[in-house]
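Inspection log for the structure reproduced underneath, given as structure tokens.
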Number of protein chains: 2
Amino acid sequence: MRAEVCDESGETREAAVAGEYPLTVYVDKRETVTLMTLGQMPEALAIGWLRNQRLAREVGEIESVCVDWEVHSAAVAMRESARGRELPEKRTVTTGCGQGTMFGDFMEELDGVSFSRGAKLSPDALFDLLAQVRARDTVYKEAGAVHACLLAAHEGARADILVFVEDVGRHNAADSIAGWMWLNEVCGGGKIFYTTGRLTSEMVIKCAQMGIPYLVSRSGCTRMGLEIARQTGVTMIGRALNKRYIVFSGGEYLQKTPPRE
Amino acid sequence: MRAEVCDESGETREAAVAGEYPLTVYVDKRETVTLMTLGQMPEALAIGWLRNQRLAREVGEIESVCVDWEVHSAAVAMRESARGRELPEKRTVTTGCGQGTMFGDFMEELDGVSFSRGAKLSPDALFDLLAQVRARDTVYKEAGAVHACLLAAHEGARADILVFVEDVGRHNAADSIAGWMWLNEVCGGGKIFYTTGRLTSEMVIKCAQMGIPYLVSRSGCTRMGLEIARQTGVTMIGRALNKRYIVFSGGEYLQKTPPRE
């Protein structure tokens, strides 16, 4: 949308404002969560949210998702086998923006995580990815106030963006990627997960849960994000912009760069 | 904390990493939420979280808060009058980073919001505030990956920062301000609430709930953030940096600036 604003000189002009819409997810007609979203990929968002909250264990458990923007709802029907699964009692725990929602004991399942790493990531492929991100037309460039996430493959010095999504919350963007992966039967093996958002605990957990070995962010990381990356073996790269980055963990899975001259 | 990292040249060095620690809030011995926090003001954070979730209606309802970092807990005891108050059934979850947690019908109470505005805010006082923020030594400058919030008073061309807090989540920072205000019996009337984070719906709601008439951010706003600001009458200023800003709503409560020469 566009809004009439005025700037520091008192002049009135129009500014782009990022959309933000409520989307209430119903699971078998039970209201489960309301997400505030830009709305680029609502079906993938609903499915990815269920996935990352571990309310669905595989995509086959979900029979259908029906989004109706008239009433801002995403109605999810679960298959017989998954019906009646209770939301875990233990309600909250998490980070997100410090206060996301993740049901259950999120750390529990991480011990079982193992990655299909594929070829080592080359710094040139990473630079290629960052250049592609920079070149994109984005809501962020026009209106700000949103985060982006993407999933990419890499081969040699090239990166290939498979899906790119922006949302008002970095976790909605991440969940949309998770949902897209299920919908398109794309696994995390060998892939790169890029986010403009910070590498807090919950973001690293989601990356590990999706089985994605490379996690890249334009921003920095927190202590718990770093600990979880090291514990799970995620290769975590922060402050990635232009031709620069910092490797926080798992540097052995990056191709060696020539020493600085 | 400091961590050993390597950069794009392959060189190993130390980098500062923002702390992130779980803090589980128990209300009358019942586990209520776990917040991931930098931990600068844990008591204020716990109290502010209860306040902004409307689980406490006034500070007098809270008997004590006891933070124990050994077990990462904040044990809140409520007074007799407020005991046994049920968490609302409807786990309305809202924005935050797109997925915060707010109990109950958050919009319901906003109709009753009214501000004690005090004097009109002068652009010079705003610039003074931004200069003070810029000059501060912050975790952000050293480690990144955190957001800051502050509460300030203003008079003439001067701003006076009353409390400044950084946290890994912008909502934790905002809640800490809310808790600090209750603990120090400071009301929102006439004040400025500044955040480095985006002006999404939930942030504007919190500002309005705290009765703070001026909301300023370094970032932009979303559609719902803007709608709620206009509905509640919050003067909302975004993209505030150095000598620039954009007034999204309530510009009539800013002192007029001379026309651009």
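Starting from 1 in every chain, residues are counted up; chains themselves are A, B, ... following the order of the structure tokens, and ligands are numbered from 1 as listed.
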Range 5-247 of chain B: residues DSSP assigns to strand (DSSP E or B), reported as number ranges by chain: B: 5-7, 12-16, 18, 21-27, 30-37, 62-68, 73-78, 121, 147-155, 158-167, 192-195, 199, 214-217, 221-222, 235-241, 244-247
Name the residues in contact with range 187-191 of chain B at a cut-off of 9 Å, using only C-alpha atoms, excluding same-chain residues fewer than 2 positions from it; report them as a list in words.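 Listed by chain and then number, they are Phe115, Ser116, Arg117, Gly118, Ala119, Lys120, Leu121, Leu151, Ala152, Ala153, His154, Met181, Trp182, Asn184, Glu185, Phe193, Cys207, Met210, Gly211, Ile212, Pro213, Tyr214 and Leu215 of chain B.
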Those same residues, written as a CSV table (one decimal), in the first residue's frame with N, CA and C atoms?
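As written to disk, part16.csv reads:
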```csv
chain,number,residue,atom,x,y,z
B,115,PHE,N,-4.3,9.6,25.4
B,115,PHE,CA,-3.0,10.0,25.8
B,115,PHE,C,-3.0,11.3,26.5
B,116,SER,N,-2.0,11.4,27.4
B,116,SER,CA,-1.7,12.7,28.0
B,116,SER,C,-0.5,13.2,27.2
B,117,ARG,N,-0.7,14.1,26.3
B,117,ARG,CA,0.3,14.4,25.3
B,117,ARG,C,1.4,15.3,25.7
B,118,GLY,N,1.1,16.2,26.6
B,118,GLY,CA,2.1,17.2,27.0
B,118,GLY,C,2.4,18.2,25.8
B,119,ALA,N,3.5,18.8,25.9
B,119,ALA,CA,3.9,19.8,24.8
B,119,ALA,C,4.1,19.0,23.5
B,120,LYS,N,3.9,19.8,22.4
B,120,LYS,CA,4.2,19.2,21.1
B,120,LYS,C,5.7,18.9,21.0
B,121,LEU,N,6.0,17.8,20.3
B,121,LEU,CA,7.4,17.4,20.2
B,121,LEU,C,8.1,18.3,19.2
B,151,LEU,N,12.9,4.9,26.6
B,151,LEU,CA,11.9,5.8,26.9
B,151,LEU,C,12.5,7.2,27.2
B,152,ALA,N,12.0,8.2,26.6
B,152,ALA,CA,12.6,9.5,26.8
B,152,ALA,C,11.5,10.6,27.1
B,153,ALA,N,12.0,11.6,27.8
B,153,ALA,CA,11.1,12.8,28.0
B,153,ALA,C,11.7,13.9,27.0
B,154,HIS,N,10.9,14.9,26.8
B,154,HIS,CA,11.5,16.0,26.0
B,154,HIS,C,11.0,17.3,26.5
B,181,MET,N,8.8,1.0,33.6
B,181,MET,CA,7.9,2.1,33.9
B,181,MET,C,7.0,1.8,35.1
B,182,TRP,N,6.6,0.6,35.2
B,182,TRP,CA,5.8,0.2,36.4
B,182,TRP,C,6.6,0.2,37.7
B,184,ASN,N,9.2,1.9,38.3
B,184,ASN,CA,9.6,3.3,38.7
B,184,ASN,C,8.5,4.3,38.7
B,185,GLU,N,7.3,3.8,38.6
B,185,GLU,CA,6.1,4.7,38.6
B,185,GLU,C,6.2,5.8,37.6
B,193,PHE,N,8.7,7.0,22.9
B,193,PHE,CA,9.2,5.6,22.9
B,193,PHE,C,10.0,5.4,21.6
B,207,CYS,N,2.9,0.4,22.5
B,207,CYS,CA,3.1,1.8,22.7
B,207,CYS,C,1.8,2.5,23.2
B,210,MET,N,0.9,1.5,26.7
B,210,MET,CA,1.7,2.1,27.7
B,210,MET,C,1.3,3.6,27.8
B,211,GLY,N,0.4,4.1,27.0
B,211,GLY,CA,0.0,5.5,27.0
B,211,GLY,C,1.1,6.5,26.6
B,212,ILE,N,2.0,6.0,25.7
B,212,ILE,CA,3.1,6.8,25.2
B,212,ILE,C,2.7,7.5,23.9
B,213,PRO,N,2.6,8.8,23.8
B,213,PRO,CA,2.0,9.4,22.6
B,213,PRO,C,3.0,9.5,21.4
B,214,TYR,N,4.3,9.4,21.6
B,214,TYR,CA,5.2,9.5,20.5
B,214,TYR,C,6.0,8.2,20.3
B,215,LEU,N,5.9,7.6,19.1
B,215,LEU,CA,6.6,6.4,18.8
B,215,LEU,C,7.6,6.6,17.7
```
Selection near Ala82 in chain B, 10 Å with only C-alpha atoms, sequence-local residues under 3 positions removed, as number ranges by chain: B: 55-58, 60-63, 77-79, 85-86
Writing out the chosen residues with C-alpha atoms as a tab-separated table (two decimals), in the first residue's frame:
```tsv
chain	number	residue	atom	x	y	z
B	55	LEU	CA	-1.86	-10.81	32.73
B	56	ALA	CA	-1.28	-8.04	35.28
B	57	ARG	CA	-3.47	-4.94	35.17
B	58	GLU	CA	-1.45	-2.77	37.50
B	60	GLY	CA	0.19	-3.43	42.58
B	61	GLU	CA	-1.08	-6.82	41.53
B	62	ILE	CA	2.47	-8.13	41.52
B	63	GLU	CA	3.82	-9.01	44.95
B	77	ALA	CA	4.15	-13.96	42.96
B	78	MET	CA	0.82	-12.26	42.38
B	79	ARG	CA	-1.16	-10.61	45.16
B	85	ARG	CA	-6.58	-15.22	37.12
B	86	GLU	CA	-6.71	-17.59	34.21
```
I want to know what sits within 7 Å of Asp7 in chain B, based on only C-alpha atoms, with residues of the same chain fewer than 4 positions away left out; could you give that as a list in words?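 Here the answer would be Tyr245, Ile246 and Val247 of chain A; Glu11 and Thr12 of chain B.
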Residue selection dump (N, CA and C atoms) as a JSON list (two decimals), in the first residue's frame:
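result-v3.json was written with the following content:
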```json
[["chain", "number", "residue", "atom", "x", "y", "z"],
["A", 245, "TYR", "N", 32.16, -11.91, 4.73],
["A", 245, "TYR", "CA", 31.36, -12.74, 5.63],
["A", 245, "TYR", "C", 32.20, -13.18, 6.82],
["A", 246, "ILE", "N", 31.52, -13.68, 7.81],
["A", 246, "ILE", "CA", 32.19, -14.25, 8.98],
["A", 246, "ILE", "C", 31.66, -15.67, 9.18],
["A", 247, "VAL", "N", 32.56, -16.62, 9.31],
["A", 247, "VAL", "CA", 32.15, -18.00, 9.56],
["A", 247, "VAL", "C", 32.12, -18.24, 11.06],
["B", 11, "GLU", "N", 41.15, -15.86, 7.54],
["B", 11, "GLU", "CA", 41.87, -15.52, 8.77],
["B", 11, "GLU", "C", 41.01, -15.74, 10.01],
["B", 12, "THR", "N", 41.62, -16.27, 11.04],
["B", 12, "THR", "CA", 40.91, -16.52, 12.28],
["B", 12, "THR", "C", 41.02, -15.30, 13.19]]
```
Using DSSP secondary structure from the backbone, list all helix (DSSP H, G or I) positions within range 8-252 of chain B, as a ChimeraX atom specification. /B:42-52,59-61,80-82,108-112,123-135,139-143,170-183,201-209,223-232,251-252
Identify, on the basis of only C-alpha atoms, every residue whose closest approach to Thr222 in chain B does not exceed 12 Å; exclude the query and any residue fewer than 3 positions from it along the same chain; express the result as a PDB file with C-alpha atoms, in the first residue's frame.
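See around-v9.pdb below for the written result:
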```
ATOM      1  CA  MET A   1       0.000   0.000   0.000  1.00  0.00           C
ATOM      2  CA  ARG A   2       0.980   3.635  -0.278  1.00  0.00           C
ATOM      3  CA  ALA A   3       0.444   6.152   2.490  1.00  0.00           C
ATOM      4  CA  ALA A  15       5.613   6.374   0.872  1.00  0.00           C
ATOM      5  CA  ALA A  16       5.333   2.649   0.303  1.00  0.00           C
ATOM      6  CA  VAL A  17       4.258   0.681   3.362  1.00  0.00           C
ATOM      7  CA  ALA A  18       4.686  -3.076   3.621  1.00  0.00           C
ATOM      8  CA  GLY A  19       1.459  -5.044   3.881  1.00  0.00           C
ATOM      9  CA  GLU A  20       0.656  -6.838   7.117  1.00  0.00           C
ATOM     10  CA  TYR A  21      -2.410  -9.038   7.345  1.00  0.00           C
ATOM     11  CA  MET A  36       0.723 -11.510  10.857  1.00  0.00           C
ATOM     12  CA  THR A  37       1.998 -11.814   7.335  1.00  0.00           C
ATOM     13  CA  LEU A  38       2.779  -9.986   4.137  1.00  0.00           C
ATOM     14  CA  VAL A 139       9.416  -5.208  -0.993  1.00  0.00           C
ATOM     15  CA  TYR A 140      12.283  -4.318   1.321  1.00  0.00           C
ATOM     16  CA  ALA A 143       8.965  -0.204   1.731  1.00  0.00           C
ATOM     17  CA  GLY A 144      11.412  -1.701   4.227  1.00  0.00           C
ATOM     18  CA  ALA A 145      10.051  -3.279   7.387  1.00  0.00           C
ATOM     19  CA  VAL A 146      10.247  -6.842   6.068  1.00  0.00           C
ATOM     20  CA  HIS A 147      12.677  -9.718   6.199  1.00  0.00           C
ATOM     21  CA  ASP A 167       7.492 -11.333   5.210  1.00  0.00           C
ATOM     22  CA  VAL A 168       6.935  -8.902   8.047  1.00  0.00           C
ATOM     23  CA  GLY A 169       8.426 -11.460  10.411  1.00  0.00           C
TER      24      GLY A 169
ATOM     25  CA  THR B  95       3.058 -10.258  15.189  1.00  0.00           C
ATOM     26  CA  GLY B  98       5.457 -12.176  12.845  1.00  0.00           C
ATOM     27  CA  GLY B 197      12.854  -2.322  15.402  1.00  0.00           C
ATOM     28  CA  ARG B 198      10.107  -2.179  12.852  1.00  0.00           C
ATOM     29  CA  LEU B 199       6.738  -0.614  13.536  1.00  0.00           C
ATOM     30  CA  THR B 200       4.525  -3.655  13.168  1.00  0.00           C
ATOM     31  CA  SER B 201       1.062  -3.925  14.677  1.00  0.00           C
ATOM     32  CA  GLU B 202       2.178  -5.366  17.976  1.00  0.00           C
ATOM     33  CA  MET B 203       4.764  -2.669  18.599  1.00  0.00           C
ATOM     34  CA  VAL B 204       2.223   0.087  18.038  1.00  0.00           C
ATOM     35  CA  SER B 219      12.970   1.384  10.700  1.00  0.00           C
ATOM     36  CA  GLY B 225       1.134  -0.738  12.320  1.00  0.00           C
ATOM     37  CA  LEU B 226       0.053   2.372  10.463  1.00  0.00           C
ATOM     38  CA  GLU B 227      -3.659   1.619  10.791  1.00  0.00           C
ATOM     39  CA  ILE B 228      -3.393   1.069  14.513  1.00  0.00           C
ATOM     40  CA  ALA B 229      -1.334   4.225  14.982  1.00  0.00           C
ATOM     41  CA  MET B 236       4.348   7.567  14.630  1.00  0.00           C
ATOM     42  CA  GLY B 238       9.821   6.111  11.152  1.00  0.00           C
ATOM     43  CA  PHE B 248       3.491   8.299   9.334  1.00  0.00           C
TER      44      PHE B 248
END
```
From the list A:Asp128, A:Gly10, A:Ile237, A:Glu142, the nearest residue to Cys221 in chain B using only C-alpha atoms is A:Glu142
Surrounding residues of range 64-75 of chain B excluding itself and chain neighbours under 3 positions, 12 Å, only C-alpha atoms, as number ranges by chain: B: 20-50, 59-61, 78-79, 179, 183
Please produce a file of those selected residues containing C-alpha atoms, as a PDB file, in the first residue's frame.
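Result file is result_2.pdb:
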```pdb
ATOM      1  CA  GLU B  20      21.046 -14.992  24.563  1.00  0.00           C
ATOM      2  CA  TYR B  21      19.737 -16.797  27.588  1.00  0.00           C
ATOM      3  CA  PRO B  22      16.439 -18.490  28.345  1.00  0.00           C
ATOM      4  CA  LEU B  23      14.401 -16.934  31.138  1.00  0.00           C
ATOM      5  CA  THR B  24      11.352 -18.919  32.148  1.00  0.00           C
ATOM      6  CA  VAL B  25       8.647 -16.874  33.816  1.00  0.00           C
ATOM      7  CA  TYR B  26       6.647 -18.674  36.495  1.00  0.00           C
ATOM      8  CA  VAL B  27       3.478 -16.969  37.696  1.00  0.00           C
ATOM      9  CA  ASP B  28       2.510 -18.291  41.121  1.00  0.00           C
ATOM     10  CA  LYS B  29       4.674 -21.339  40.416  1.00  0.00           C
ATOM     11  CA  ARG B  30       2.994 -22.033  37.114  1.00  0.00           C
ATOM     12  CA  GLU B  31       5.311 -22.041  34.075  1.00  0.00           C
ATOM     13  CA  THR B  32       3.995 -19.339  31.768  1.00  0.00           C
ATOM     14  CA  VAL B  33       6.515 -18.447  29.100  1.00  0.00           C
ATOM     15  CA  THR B  34      10.176 -18.781  28.267  1.00  0.00           C
ATOM     16  CA  LEU B  35      11.765 -15.656  26.839  1.00  0.00           C
ATOM     17  CA  MET B  36      15.149 -15.642  25.136  1.00  0.00           C
ATOM     18  CA  THR B  37      16.895 -12.574  26.429  1.00  0.00           C
ATOM     19  CA  LEU B  38      20.159 -10.709  26.616  1.00  0.00           C
ATOM     20  CA  GLY B  39      19.317 -10.406  30.303  1.00  0.00           C
ATOM     21  CA  GLN B  40      19.989  -6.731  30.999  1.00  0.00           C
ATOM     22  CA  MET B  41      16.796  -6.151  33.000  1.00  0.00           C
ATOM     23  CA  PRO B  42      15.234  -9.522  33.778  1.00  0.00           C
ATOM     24  CA  GLU B  43      12.847  -8.327  36.503  1.00  0.00           C
ATOM     25  CA  ALA B  44      11.567  -5.494  34.347  1.00  0.00           C
ATOM     26  CA  LEU B  45      11.265  -7.876  31.421  1.00  0.00           C
ATOM     27  CA  ALA B  46       9.138 -10.345  33.382  1.00  0.00           C
ATOM     28  CA  ILE B  47       6.909  -7.601  34.755  1.00  0.00           C
ATOM     29  CA  GLY B  48       6.634  -5.863  31.400  1.00  0.00           C
ATOM     30  CA  TRP B  49       5.758  -9.103  29.679  1.00  0.00           C
ATOM     31  CA  LEU B  50       2.913  -9.667  32.157  1.00  0.00           C
ATOM     32  CA  VAL B  59       1.902  -3.071  39.201  1.00  0.00           C
ATOM     33  CA  GLY B  60       0.188  -3.426  42.583  1.00  0.00           C
ATOM     34  CA  GLU B  61      -1.083  -6.821  41.525  1.00  0.00           C
ATOM     35  CA  MET B  78       0.817 -12.259  42.382  1.00  0.00           C
ATOM     36  CA  ARG B  79      -1.160 -10.607  45.163  1.00  0.00           C
ATOM     37  CA  GLY B 179       8.219  -3.186  33.272  1.00  0.00           C
ATOM     38  CA  LEU B 183       8.696  -0.411  38.735  1.00  0.00           C
TER      39      LEU B 183
END
```
Quick one: pull the distance between CA of Thr235 in chain A and CA of Ala178 in chain A, Å, one decimal.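 Answer for the CA of Thr235 in chain A to CA of Ala178 in chain A separation: 18.3 Å.
If you look at CA of Arg51 in chain B and CA of Asp175 in chain B, they are 7.9 Å away from each other.
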For chain A, the closest of B:Leu150, B:Val133, B:Leu162, B:Leu241 counting only C-alpha atoms is B:Leu241
Rank nothing, just name the residue among A:Gln132, A:Asn172, A:Thr232, A:Thr195 nearest to chain B, using only C-alpha atoms. A:Asn172
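Candidate residues B:Arg170, B:Arg134, B:Lys141, B:Arg218 were compared for distance to chain A, and the nearest is B:Arg170, using only C-alpha atoms.
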